[in-house]
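**Student:** Structure in structure tokens, see below.
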Amino acid sequence: SFGWNCYRLVILFKKKTTILCYTEGRLVKKSFSFDTLNFFSPSPLKGRDLWVLVLGRFPTQHTIGIPEFKYIANMHGDETVGRELLLHLIDFLVTNDKSDPVVTRLINSTRIHIMPSMNPDGFEATTTHDCYYSEGRFNKNGEDLNRNFPDVFNSNNVTIQPETQAVINWIQNETFVLSANLHGGALIASYTFDNGNPATGSLQGYSRSRDDDVFIHLAKTYSSNHASMYKGNECGNKPVFPYGITNGYAWYQLQGGMQDYNYIWGQCFEITLELSCCKYPPASQLQDFWNDNKAALIEYIKQVHLGVKGQVLDRHGQPIPNVIVEAKGREHICPYRTNQHGEYYLLLLPGSYVILWHLIDMHLTKWVFTHESSCSKRLLVYKVPQDSLLDFYWLSINVDFIIHIQPQQNYFH
């Protein structure tokens, strides 16, 4: 049921996952098969835990070749619509698994992480339902979590909050490829960069990443599948946002934001979705919000399968981590590297690309930023076998090859 008074309690027992929903004194119970779902808390907090639900055919661990996707909502505690949408998205995906072919294929081919609330303390502290602002925006320590991440363009010198650190650890421990962060107070899809410098075009009022075309596609995917976001003026916005999307910096500059952190340090493309003109609307409107967003939420998850993916192995078939794999002309501030399984995932639109591999960091960049040394946080150790030295040296040289990506519009149909 739809309603703000619904508090979910997660129980793991044997092979069943049960969600208990207490709403207006009435208990609603649902049980789901454990082969589809996995609940965990990235890090215990002094207040309320941050709970994540993972959906997939193998939800408890990463599977080679299966991309990782995540949705996060309610990092501002008083922006509440996304929280409820994600709870109902979980219900929809699990209920329709093995009966709806699109949902089934999505769960077969993707590991989907869903965090309904990044700021549960802020949500509980929001006692006044206001369309514009309340103290529930902040966490228990009075901090804005979307200004609390390390910033590559400016030394923001913030005290990292427990919620932020939990999410950072989560990002560093997984191989996320695509993500979205659900907010409220507007109706628009915003994409990186939120901050910038002259090298990214900030002097022109638009902070452009080298994957700008992909980000525009991602934002348009959501807005065009939403009931009205694509119109760009549903909240009386001045100026109107064409297609209901915007570059974050072009809208307003933001330091310490989560979507920039994901893209720069997490190797994960993330956009910010503003889903309601009113931050905390009446519960009676929640069914309409679900109807407006349902198709867009599903379509956006599919985009995790854009581009190319692969694995780098030595001659013995052992995976090699830390190999830089990037498309020429799309080098990242922190080079994108293979994970512990030797995997790489590059989100690219249909077209022809030169892919560059190299193991030793000969990455030269014109980016100007502050925390250069922090790019090494994700580095993993690879012990080169004695008889594989030729392979190692081969990989230390730039290797170019051309790929051609064709549209796969019918992948989920």
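Please note that chains go A, B, ... in the order of the structure tokens, that every chain numbers its residues from 1, and that ligands are numbered from 1 in the order shown.
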Write out as a PyMOL selection string all residues of stretch 218-303 of chain A that backbone DSSP assigns to strand (DSSP E).

**Tutor:** chain A and resi 245-247+269-276

**Student:** Let's have the selection written as a CSV table (one decimal), in the first residue's frame, with C-alpha atoms.

**Tutor:**
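Writing the result to part19.csv gives the following:
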chain,number,residue,atom,x,y,z
A,245,ILE,CA,17.4,17.4,-18.5
A,246,THR,CA,20.3,19.6,-17.5
A,247,ASN,CA,24.0,19.5,-16.9
A,269,PHE,CA,28.0,6.7,-14.2
A,270,GLU,CA,25.4,8.3,-12.0
A,271,ILE,CA,22.7,10.9,-12.7
A,272,THR,CA,20.5,12.8,-10.2
A,273,LEU,CA,16.7,12.4,-10.6
A,274,GLU,CA,14.5,15.2,-9.2
A,275,LEU,CA,11.1,13.4,-9.1
A,276,SER,CA,8.6,15.8,-7.5

**Student:** Within 12 Å of stretch 117-122 of chain A, which residues of stretch 140-257 of chain A come that close, and what is the closest atom pair and distance in Å for each? Count only C-alpha atoms and give it as a tab-separated table.

**Tutor:**
residue	atom	partner	partner_atom	distance
A:Lys140	CA	A:Asp121	CA	5.9
A:Asn141	CA	A:Asp121	CA	9.6
A:Gly142	CA	A:Gly122	CA	8.9
A:Glu143	CA	A:Gly122	CA	9.9
A:Asp144	CA	A:Asn119	CA	9.8
A:Leu145	CA	A:Asn119	CA	8.2
A:Asn146	CA	A:Met118	CA	10.5
A:Gln161	CA	A:Asn119	CA	10.9
A:Pro162	CA	A:Asn119	CA	10.3
A:Glu163	CA	A:Met118	CA	6.7
A:Thr164	CA	A:Met118	CA	8.5
A:Gln165	CA	A:Met118	CA	11.2
A:Ala166	CA	A:Met118	CA	9.5
A:Val167	CA	A:Met118	CA	8.4
A:Ile168	CA	A:Met118	CA	11.9
A:Asn181	CA	A:Met118	CA	9.9
A:Leu182	CA	A:Ser117	CA	9.7
A:His183	CA	A:Ser117	CA	10.8

**Student:** Keeping only N, CA, C and O atoms, write those residues as an mmCIF file, in the first residue's frame.

**Tutor:**
data_model
loop_
_atom_site.group_PDB
_atom_site.id
_atom_site.type_symbol
_atom_site.label_atom_id
_atom_site.label_comp_id
_atom_site.auth_asym_id
_atom_site.auth_seq_id
_atom_site.Cartn_x
_atom_site.Cartn_y
_atom_site.Cartn_z
ATOM 1 N N LYS A 140 21.673 13.309 11.119
ATOM 2 C CA LYS A 140 21.572 13.504 12.564
ATOM 3 C C LYS A 140 22.550 14.548 13.078
ATOM 4 O O LYS A 140 22.314 15.208 14.097
ATOM 5 N N ASN A 141 23.668 14.734 12.356
ATOM 6 C CA ASN A 141 24.682 15.710 12.760
ATOM 7 C C ASN A 141 24.493 17.071 12.101
ATOM 8 O O ASN A 141 25.360 17.933 12.197
ATOM 9 N N GLY A 142 23.374 17.241 11.393
ATOM 10 C CA GLY A 142 23.102 18.522 10.747
ATOM 11 C C GLY A 142 23.893 18.760 9.480
ATOM 12 O O GLY A 142 24.078 19.916 9.062
ATOM 13 N N GLU A 143 24.340 17.686 8.810
ATOM 14 C CA GLU A 143 25.148 17.815 7.600
ATOM 15 C C GLU A 143 24.335 17.439 6.365
ATOM 16 O O GLU A 143 23.514 16.517 6.400
ATOM 17 N N ASP A 144 24.599 18.153 5.270
ATOM 18 C CA ASP A 144 23.990 17.854 3.977
ATOM 19 C C ASP A 144 24.830 16.768 3.305
ATOM 20 O O ASP A 144 25.980 17.015 2.924
ATOM 21 N N LEU A 145 24.285 15.579 3.153
ATOM 22 C CA LEU A 145 25.053 14.449 2.634
ATOM 23 C C LEU A 145 25.446 14.629 1.178
ATOM 24 O O LEU A 145 26.421 14.027 0.722
ATOM 25 N N ASN A 146 24.720 15.458 0.435
ATOM 26 C CA ASN A 146 25.078 15.685 -0.969
ATOM 27 C C ASN A 146 26.049 16.847 -1.141
ATOM 28 O O ASN A 146 26.241 17.344 -2.240
ATOM 29 N N GLN A 161 30.668 12.058 6.891
ATOM 30 C CA GLN A 161 29.639 11.550 7.790
ATOM 31 C C GLN A 161 29.541 10.017 7.704
ATOM 32 O O GLN A 161 29.941 9.419 6.698
ATOM 33 N N PRO A 162 28.997 9.368 8.740
ATOM 34 C CA PRO A 162 28.884 7.897 8.702
ATOM 35 C C PRO A 162 28.123 7.385 7.487
ATOM 36 O O PRO A 162 28.513 6.378 6.875
ATOM 37 N N GLU A 163 27.029 8.076 7.112
ATOM 38 C CA GLU A 163 26.256 7.648 5.942
ATOM 39 C C GLU A 163 27.098 7.753 4.676
ATOM 40 O O GLU A 163 27.078 6.856 3.819
ATOM 41 N N THR A 164 27.837 8.861 4.546
ATOM 42 C CA THR A 164 28.689 9.064 3.372
ATOM 43 C C THR A 164 29.776 8.006 3.304
ATOM 44 O O THR A 164 30.036 7.424 2.243
ATOM 45 N N GLN A 165 30.419 7.744 4.433
ATOM 46 C CA GLN A 165 31.495 6.751 4.458
ATOM 47 C C GLN A 165 30.968 5.369 4.125
ATOM 48 O O GLN A 165 31.629 4.582 3.435
ATOM 49 N N ALA A 166 29.769 5.066 4.604
ATOM 50 C CA ALA A 166 29.165 3.762 4.294
ATOM 51 C C ALA A 166 28.962 3.605 2.796
ATOM 52 O O ALA A 166 29.248 2.553 2.214
ATOM 53 N N VAL A 167 28.476 4.663 2.153
ATOM 54 C CA VAL A 167 28.246 4.606 0.704
ATOM 55 C C VAL A 167 29.569 4.563 -0.050
ATOM 56 O O VAL A 167 29.710 3.829 -1.047
ATOM 57 N N ILE A 168 30.565 5.330 0.398
ATOM 58 C CA ILE A 168 31.887 5.290 -0.232
ATOM 59 C C ILE A 168 32.459 3.865 -0.169
ATOM 60 O O ILE A 168 32.961 3.333 -1.168
ATOM 61 N N ASN A 181 20.447 8.683 -8.408
ATOM 62 C CA ASN A 181 20.243 9.209 -7.071
ATOM 63 C C ASN A 181 18.932 9.984 -7.085
ATOM 64 O O ASN A 181 18.793 10.964 -7.818
ATOM 65 N N LEU A 182 17.946 9.531 -6.310
ATOM 66 C CA LEU A 182 16.586 10.071 -6.395
ATOM 67 C C LEU A 182 16.368 11.182 -5.360
ATOM 68 O O LEU A 182 16.562 10.960 -4.163
ATOM 69 N N HIS A 183 15.954 12.352 -5.854
ATOM 70 C CA HIS A 183 15.717 13.534 -5.021
ATOM 71 C C HIS A 183 14.303 14.058 -5.262
ATOM 72 O O HIS A 183 13.514 13.473 -5.985
#

**Student:** One decimal, Å: what's the distance from atom CA of A:Lys309 over to atom CA of A:His113, could you say?

**Tutor:** 19.5 Å

**Student:** Take atom CA of A:Ile333 and atom CA of A:Thr159 and report the distance between them in Å, one decimal.

**Tutor:**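 Separation between atom CA of A:Ile333 and atom CA of A:Thr159: 23.5 Å.
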
**Student:** Quick one: residues within 12 Å of A:Gly201, only C-alpha atoms counted, chain neighbours fewer than 6 positions away excluded, as a tab-separated table (two decimals) with C-alpha atoms, in the first residue's frame?

**Tutor:**
chain	number	residue	atom	x	y	z
A	193	PHE	CA	29.66	17.42	-13.62
A	194	ASP	CA	28.09	19.30	-10.72
A	195	ASN	CA	31.38	21.10	-10.10
A	207	SER	CA	30.96	21.52	-16.90
A	208	ARG	CA	31.39	18.81	-19.50
A	209	SER	CA	32.73	15.30	-18.92
A	210	ARG	CA	34.31	13.37	-21.77
A	212	ASP	CA	28.85	13.95	-22.06
A	247	ASN	CA	24.05	19.54	-16.88
A	249	TYR	CA	26.85	22.76	-13.20
A	250	ALA	CA	24.69	24.60	-15.73
A	367	TRP	CA	42.47	17.66	-16.39
A	368	VAL	CA	43.37	20.03	-13.56

**Student:** A:Gly307, A:Gly266, A:Pro281, A:Gly136: which is nearest A:Cys334, counting only C-alpha atoms?

**Tutor:**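 When distances to A:Cys334 are compared using only C-alpha atoms, the smallest one comes from A:Gly266.
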
**Student:** Counting only C-alpha atoms, which residue out of A:Gly205, A:Pro67, A:Pro59, A:Gly196 sits closest to A:Ile301?

**Tutor:**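 For A:Ile301, the nearest of the candidates is A:Pro67.
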